[in-house]
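Structure file run_36.txt (compact mmCIF, C-alpha atoms) is printed below.
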```
# COMPACT_ATOMS: atom_id res chain seq x y z
CA MET A 1 -14.43 -17.52 5.56
CA THR A 2 -11.06 -15.75 5.48
CA SER A 3 -10.53 -12.18 6.61
CA TYR A 4 -7.39 -10.06 6.64
CA ASN A 5 -6.22 -7.42 9.04
CA ASN A 6 -5.76 -4.22 7.02
CA VAL A 7 -1.95 -4.47 6.98
CA ALA A 8 -1.54 -3.44 10.60
CA LYS A 9 2.13 -4.44 10.50
CA GLY A 10 2.87 -2.89 7.10
CA LYS A 11 5.65 -0.33 6.68
CA VAL A 12 6.22 2.30 3.98
CA LYS A 13 9.20 4.63 3.64
CA GLY A 14 10.82 6.40 0.72
CA PHE A 15 11.54 9.65 -1.04
CA GLU A 16 10.99 11.49 -4.32
CA LEU A 17 13.32 13.74 -6.29
CA ALA A 18 11.92 16.04 -8.98
CA TYR A 19 13.31 18.57 -11.44
CA GLN A 20 11.53 20.90 -13.86
CA GLN A 21 12.93 23.69 -15.98
CA PHE A 22 12.31 25.60 -19.18
CA PHE A 23 15.55 26.52 -20.95
CA ASP A 24 14.44 30.06 -21.80
CA PHE A 25 18.09 31.18 -21.84
CA LEU A 26 18.61 29.32 -25.14
CA PRO A 27 18.63 31.36 -28.37
CA GLY A 28 15.82 31.76 -30.89
CA PRO A 29 13.44 28.89 -31.44
CA PHE A 30 15.09 26.70 -28.76
CA ASP A 31 14.00 28.91 -25.85
CA GLY A 32 10.73 26.95 -25.66
CA LEU A 33 12.50 23.70 -24.68
CA GLY A 34 12.19 22.28 -21.22
CA MET A 35 12.23 19.09 -19.23
CA GLN A 36 10.63 17.41 -16.27
CA ALA A 37 12.17 14.47 -14.44
CA ASN A 38 11.40 12.63 -11.25
CA PHE A 39 12.56 9.56 -9.39
CA THR A 40 10.67 7.85 -6.59
CA TYR A 41 11.93 5.22 -4.16
CA VAL A 42 9.34 3.42 -2.00
CA ASP A 43 10.26 0.63 0.38
CA SER A 44 7.13 -1.09 1.63
CA GLN A 45 6.63 -4.40 3.33
CA ALA A 46 3.70 -6.24 4.84
CA PRO A 47 3.03 -9.81 5.90
CA SER A 48 1.55 -11.89 3.09
CA PRO A 49 -1.99 -13.10 3.79
CA ALA A 50 -0.72 -16.61 3.03
CA THR A 51 0.67 -18.16 6.20
CA SER A 52 2.96 -20.54 4.33
CA GLY A 53 4.64 -20.78 0.96
CA PRO A 54 7.68 -19.33 -0.80
CA VAL A 55 6.68 -15.69 -0.22
CA THR A 56 5.97 -14.59 3.36
CA ASN A 57 6.51 -10.81 3.12
CA VAL A 58 5.44 -8.69 0.17
CA PRO A 59 5.44 -5.01 -0.78
CA LEU A 60 2.10 -3.24 -0.47
CA GLU A 61 -0.12 -3.71 -3.52
CA LEU A 62 0.53 -1.51 -6.56
CA LEU A 63 3.65 0.16 -5.05
CA SER A 64 6.82 -0.21 -7.12
CA LYS A 65 10.12 0.20 -5.30
CA TYR A 66 11.52 2.35 -8.12
CA ASN A 67 9.74 4.72 -10.53
CA TYR A 68 11.05 7.40 -12.83
CA ASN A 69 9.65 9.73 -15.47
CA ILE A 70 11.52 11.84 -18.01
CA VAL A 71 9.58 14.36 -20.09
CA GLY A 72 10.86 16.58 -22.88
CA ILE A 73 8.74 19.70 -23.37
CA TYR A 74 8.43 22.38 -26.04
CA GLU A 75 6.12 25.39 -25.57
CA LYS A 76 6.32 28.38 -27.87
CA GLY A 77 3.70 30.45 -29.59
CA GLY A 78 0.82 28.15 -30.43
CA LEU A 79 2.96 24.98 -30.47
CA SER A 80 3.03 22.57 -27.55
CA ALA A 81 4.87 19.21 -27.59
CA ARG A 82 5.68 16.52 -25.04
CA VAL A 83 7.59 13.24 -25.14
CA ALA A 84 7.42 11.22 -21.92
CA TYR A 85 9.07 7.97 -20.85
CA ASN A 86 7.69 6.39 -17.66
CA TRP A 87 9.25 3.34 -15.99
CA ARG A 88 8.43 1.36 -12.87
CA SER A 89 9.95 -1.69 -11.23
CA LYS A 90 7.99 -4.81 -10.33
CA TYR A 91 5.00 -4.47 -8.03
CA VAL A 92 2.40 -6.64 -6.33
CA VAL A 93 -0.92 -6.75 -8.21
CA THR A 94 -2.68 -8.76 -5.51
CA THR A 95 -1.47 -10.62 -2.43
CA ALA A 96 -3.84 -13.56 -2.81
CA GLY A 97 -6.45 -13.70 -5.56
CA ASN A 98 -8.67 -16.54 -6.72
CA GLY A 99 -6.65 -19.30 -8.37
CA THR A 100 -3.27 -18.00 -7.19
CA GLY A 101 -2.54 -20.90 -4.82
CA SER A 102 -2.07 -18.38 -1.99
CA LEU A 103 0.76 -16.72 -3.90
CA PRO A 104 0.96 -13.00 -4.55
CA VAL A 105 0.76 -11.91 -8.19
CA PHE A 106 3.60 -9.61 -9.32
CA ASN A 107 3.76 -7.36 -12.38
CA LYS A 108 7.21 -7.34 -14.03
CA PRO A 109 9.07 -4.05 -14.55
CA PHE A 110 8.06 -2.05 -17.61
CA GLY A 111 8.48 1.30 -19.31
CA GLN A 112 6.25 3.17 -21.73
CA LEU A 113 6.79 6.01 -24.19
CA ASP A 114 4.01 8.54 -24.87
CA ALA A 115 4.05 11.72 -26.95
CA SER A 116 1.76 14.58 -27.94
CA ILE A 117 1.91 17.66 -30.11
CA SER A 118 -0.70 20.36 -30.49
CA TYR A 119 -0.95 23.59 -32.40
CA ASN A 120 -3.34 26.49 -31.87
CA VAL A 121 -4.24 27.37 -35.46
CA THR A 122 -6.34 30.29 -34.17
CA PRO A 123 -7.33 31.26 -30.62
CA GLN A 124 -10.55 29.26 -31.17
CA PHE A 125 -9.21 26.25 -33.14
CA ALA A 126 -6.47 23.74 -32.23
CA LEU A 127 -5.22 20.45 -33.65
CA ALA A 128 -3.55 17.75 -31.54
CA LEU A 129 -1.81 14.46 -32.27
CA ASP A 130 -1.34 12.05 -29.35
CA GLY A 131 0.52 8.76 -29.19
CA THR A 132 0.21 6.35 -26.26
CA ASN A 133 2.42 3.31 -25.65
CA LEU A 134 4.54 4.07 -28.72
CA THR A 135 6.98 1.28 -27.76
CA ASN A 136 4.13 -1.29 -27.65
CA THR A 137 5.19 -2.27 -24.14
CA ARG A 138 4.16 -5.69 -22.83
CA ARG A 139 3.04 -6.09 -19.24
CA ALA A 140 3.70 -9.51 -17.76
CA THR A 141 2.66 -10.97 -14.41
CA TYR A 142 3.81 -14.00 -12.46
CA PHE A 143 2.81 -16.01 -9.39
CA GLY A 144 5.15 -15.46 -6.41
CA ILE A 145 8.45 -16.06 -8.20
CA ASP A 146 9.57 -15.10 -11.71
CA SER A 147 9.63 -18.70 -12.98
CA ARG A 148 5.81 -19.04 -12.56
CA PRO A 149 4.35 -16.92 -15.40
CA ARG A 150 0.70 -15.85 -15.23
CA ASP A 151 -0.10 -13.66 -18.24
CA VAL A 152 1.18 -11.13 -20.75
CA VAL A 153 -0.88 -8.15 -21.84
CA VAL A 154 -0.19 -5.62 -24.59
CA ASN A 155 -2.26 -2.46 -24.50
CA ASP A 156 -1.80 -1.59 -28.16
CA ARG A 157 -0.15 1.54 -29.39
CA ARG A 158 -2.78 4.26 -29.83
CA ILE A 159 -2.52 7.31 -32.02
CA SER A 160 -5.27 9.90 -32.09
CA LEU A 161 -5.86 13.14 -33.94
CA THR A 162 -8.10 15.70 -32.27
CA ALA A 163 -9.59 18.97 -33.46
CA ARG A 164 -10.75 21.34 -30.71
CA ILE A 165 -13.03 24.31 -31.16
CA THR A 166 -13.42 26.83 -28.36
CA TYR A 167 -16.28 29.30 -28.43
```

Could you write out this file's structure as structure tokens?
Amino acid sequence: MTSYNNVAKGKVKGFELAYQQFFDFLPGPFDGLGMQANFTYVDSQAPSPATSGPVTNVPLELLSKYNYNIVGIYEKGGLSARVAYNWRSKYVVTTAGNGTGSLPVFNKPFGQLDASISYNVTPQFALALDGTNLTNTRRATYFGIDSRPRDVVVNDRRISLTARITY
């Protein structure tokens, strides 16, 4: 039986910068434009559960060192639109799973583009079109070091049309 100490010697430090603004000073139909942006830096480190091997210290699971999001927004009248790009650097999926040979499993860096647009036809009826993973981003993992591939997953592009009735 193997048991791990709950990362007693782990360390996390970092910061986040964020910006959000509507450009309501713009003329005419452009005064509904806006943007959101953020950047996050997280430096985390913990001893690997494996006592030997090529990787002895790893970041905490599921924490990327770098993340950023950029969102374009339009809100005016009954029209609402968003286009968002989200990116994150590599991160640890698990420090030691079954069949990993005591190596941590890393997810490679990836970015994804999503978008949505909705229109309130009446106060009680709205239509929306949503697109997820418009760039058909692949997510790839590897064992310990980049030259040991594990898998590649594509969560397909999804487009949905929704009608909403409020009563």

- Message: Can you pull out the residues contacting Ala37 of chain A? Cut-off 9 Å, using only C-alpha atoms, and skip same-chain residues under 3 positions away; I want them as a count of residues only.
- Response: 9

- Query: Which polymer residues have any atom within 12 Å of an atom of segment 116-130 of chain A, counting all atoms listed in the file, with same-chain residues fewer than 4 positions away left out, as a PyMOL selection string?
  - Reply: chain A and resi 71-84+134+157-167

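You will find atom CA of Glu61 of chain A at 4.8 Å from atom CA of Val92 of chain A.
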
- Excluding Phe23 of chain A and residues on its chain fewer than 2 positions from it, collect all residues at most 7 Å away from it, counting only C-alpha atoms, and give them as a PyMOL selection string. chain A and resi 21+25-26+31-34

- Find the residues around Glu16 of chain A up to 10 Å (all atoms listed in the file counted), leave out those fewer than 4 positions away in its own chain, and share them as a VMD selection string. chain A and resid 38 to 42 66 to 68

- Query: How many Å lie between atom CA of Ala96 of chain A and atom CA of Leu62 of chain A, rounded to one decimal?
  - Reply: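 Taking atom CA of Ala96 of chain A as the start and atom CA of Leu62 of chain A as the end point, the length is 13.4 Å.
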
- Computed interatomic separation between atom CA of Tyr142 of chain A and atom CA of Lys108 of chain A (Å):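 Atom CA of Tyr142 of chain A sits 7.6 Å away from atom CA of Lys108 of chain A.
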
- Message: My list of candidates is A:Asn107, A:Ser64, A:Asn86, A:Thr137. Which is closest to Asp43 of chain A when distances are computed with only C-alpha atoms?
- Response: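 Result for the nearest residue to Asp43 of chain A: A:Ser64.
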
All heavy atoms modelled onto segment 117-128 of chain A, as an mmCIF file, keeping the file's coordinate frame:
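Result saved to out_0.cif:
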```cif
data_model
loop_
_atom_site.group_PDB
_atom_site.id
_atom_site.type_symbol
_atom_site.label_atom_id
_atom_site.label_comp_id
_atom_site.auth_asym_id
_atom_site.auth_seq_id
_atom_site.Cartn_x
_atom_site.Cartn_y
_atom_site.Cartn_z
ATOM 1 N N ILE A 117 1.584 16.369 -29.507
ATOM 2 C CA ILE A 117 1.910 17.660 -30.110
ATOM 3 C C ILE A 117 0.595 18.344 -30.454
ATOM 4 O O ILE A 117 -0.344 17.695 -30.922
ATOM 5 C CB ILE A 117 2.819 17.503 -31.355
ATOM 6 C CG1 ILE A 117 3.265 18.875 -31.855
ATOM 7 C CG2 ILE A 117 2.162 16.671 -32.432
ATOM 8 C CD1 ILE A 117 4.403 18.810 -32.865
ATOM 9 N N SER A 118 0.513 19.616 -30.149
ATOM 10 C CA SER A 118 -0.700 20.360 -30.490
ATOM 11 C C SER A 118 -0.307 21.738 -31.013
ATOM 12 O O SER A 118 0.755 22.261 -30.686
ATOM 13 C CB SER A 118 -1.638 20.487 -29.282
ATOM 14 O OG SER A 118 -1.049 21.290 -28.282
ATOM 15 N N TYR A 119 -1.194 22.275 -31.840
ATOM 16 C CA TYR A 119 -0.950 23.590 -32.400
ATOM 17 C C TYR A 119 -2.251 24.380 -32.406
ATOM 18 O O TYR A 119 -3.283 23.891 -32.874
ATOM 19 C CB TYR A 119 -0.404 23.486 -33.833
ATOM 20 C CG TYR A 119 -0.084 24.831 -34.416
ATOM 21 C CD1 TYR A 119 0.977 25.585 -33.930
ATOM 22 C CD2 TYR A 119 -0.854 25.365 -35.441
ATOM 23 C CE1 TYR A 119 1.266 26.829 -34.459
ATOM 24 C CE2 TYR A 119 -0.574 26.612 -35.975
ATOM 25 C CZ TYR A 119 0.494 27.337 -35.475
ATOM 26 O OH TYR A 119 0.771 28.578 -35.988
ATOM 27 N N ASN A 120 -2.202 25.587 -31.857
ATOM 28 C CA ASN A 120 -3.340 26.490 -31.870
ATOM 29 C C ASN A 120 -3.339 27.221 -33.211
ATOM 30 O O ASN A 120 -2.568 28.168 -33.403
ATOM 31 C CB ASN A 120 -3.281 27.485 -30.717
ATOM 32 C CG ASN A 120 -3.421 26.803 -29.385
ATOM 33 O OD1 ASN A 120 -4.049 25.760 -29.262
ATOM 34 N ND2 ASN A 120 -2.799 27.375 -28.370
ATOM 35 N N VAL A 121 -4.160 26.757 -34.143
ATOM 36 C CA VAL A 121 -4.240 27.370 -35.460
ATOM 37 C C VAL A 121 -4.756 28.798 -35.330
ATOM 38 O O VAL A 121 -4.237 29.729 -35.946
ATOM 39 C CB VAL A 121 -5.136 26.532 -36.406
ATOM 40 C CG1 VAL A 121 -5.232 27.159 -37.779
ATOM 41 C CG2 VAL A 121 -4.613 25.101 -36.491
ATOM 42 N N THR A 122 -5.800 28.975 -34.534
ATOM 43 C CA THR A 122 -6.340 30.290 -34.170
ATOM 44 C C THR A 122 -6.624 30.217 -32.667
ATOM 45 O O THR A 122 -6.567 29.133 -32.070
ATOM 46 C CB THR A 122 -7.650 30.600 -34.929
ATOM 47 O OG1 THR A 122 -8.698 29.753 -34.428
ATOM 48 C CG2 THR A 122 -7.497 30.415 -36.438
ATOM 49 N N PRO A 123 -6.984 31.330 -32.044
ATOM 50 C CA PRO A 123 -7.330 31.260 -30.620
ATOM 51 C C PRO A 123 -8.548 30.357 -30.344
ATOM 52 O O PRO A 123 -8.724 29.871 -29.229
ATOM 53 C CB PRO A 123 -7.643 32.710 -30.254
ATOM 54 C CG PRO A 123 -6.854 33.527 -31.223
ATOM 55 C CD PRO A 123 -6.872 32.726 -32.507
ATOM 56 N N GLN A 124 -9.360 30.091 -31.361
ATOM 57 C CA GLN A 124 -10.550 29.260 -31.170
ATOM 58 C C GLN A 124 -10.409 27.839 -31.737
ATOM 59 O O GLN A 124 -11.271 27.004 -31.518
ATOM 60 C CB GLN A 124 -11.785 29.902 -31.832
ATOM 61 C CG GLN A 124 -12.233 31.201 -31.202
ATOM 62 C CD GLN A 124 -11.380 32.380 -31.642
ATOM 63 O OE1 GLN A 124 -10.831 32.410 -32.734
ATOM 64 N NE2 GLN A 124 -11.254 33.360 -30.748
ATOM 65 N N PHE A 125 -9.336 27.554 -32.465
ATOM 66 C CA PHE A 125 -9.210 26.250 -33.140
ATOM 67 C C PHE A 125 -7.816 25.667 -32.938
ATOM 68 O O PHE A 125 -6.814 26.335 -33.210
ATOM 69 C CB PHE A 125 -9.515 26.410 -34.627
ATOM 70 C CG PHE A 125 -9.420 25.127 -35.400
ATOM 71 C CD1 PHE A 125 -10.325 24.092 -35.195
ATOM 72 C CD2 PHE A 125 -8.410 24.942 -36.329
ATOM 73 C CE1 PHE A 125 -10.228 22.911 -35.908
ATOM 74 C CE2 PHE A 125 -8.314 23.763 -37.057
ATOM 75 C CZ PHE A 125 -9.228 22.743 -36.835
ATOM 76 N N ALA A 126 -7.751 24.411 -32.459
ATOM 77 C CA ALA A 126 -6.470 23.740 -32.230
ATOM 78 C C ALA A 126 -6.526 22.314 -32.768
ATOM 79 O O ALA A 126 -7.582 21.667 -32.787
ATOM 80 C CB ALA A 126 -6.157 23.705 -30.737
ATOM 81 N N LEU A 127 -5.378 21.836 -33.210
ATOM 82 C CA LEU A 127 -5.220 20.450 -33.650
ATOM 83 C C LEU A 127 -4.218 19.766 -32.729
ATOM 84 O O LEU A 127 -3.226 20.388 -32.328
ATOM 85 C CB LEU A 127 -4.706 20.396 -35.094
ATOM 86 C CG LEU A 127 -5.644 20.915 -36.161
ATOM 87 C CD1 LEU A 127 -4.920 20.982 -37.505
ATOM 88 C CD2 LEU A 127 -6.867 20.014 -36.264
ATOM 89 N N ALA A 128 -4.463 18.490 -32.413
ATOM 90 C CA ALA A 128 -3.550 17.750 -31.540
ATOM 91 C C ALA A 128 -3.360 16.329 -32.058
ATOM 92 O O ALA A 128 -4.302 15.707 -32.569
ATOM 93 C CB ALA A 128 -4.101 17.704 -30.108
#
```
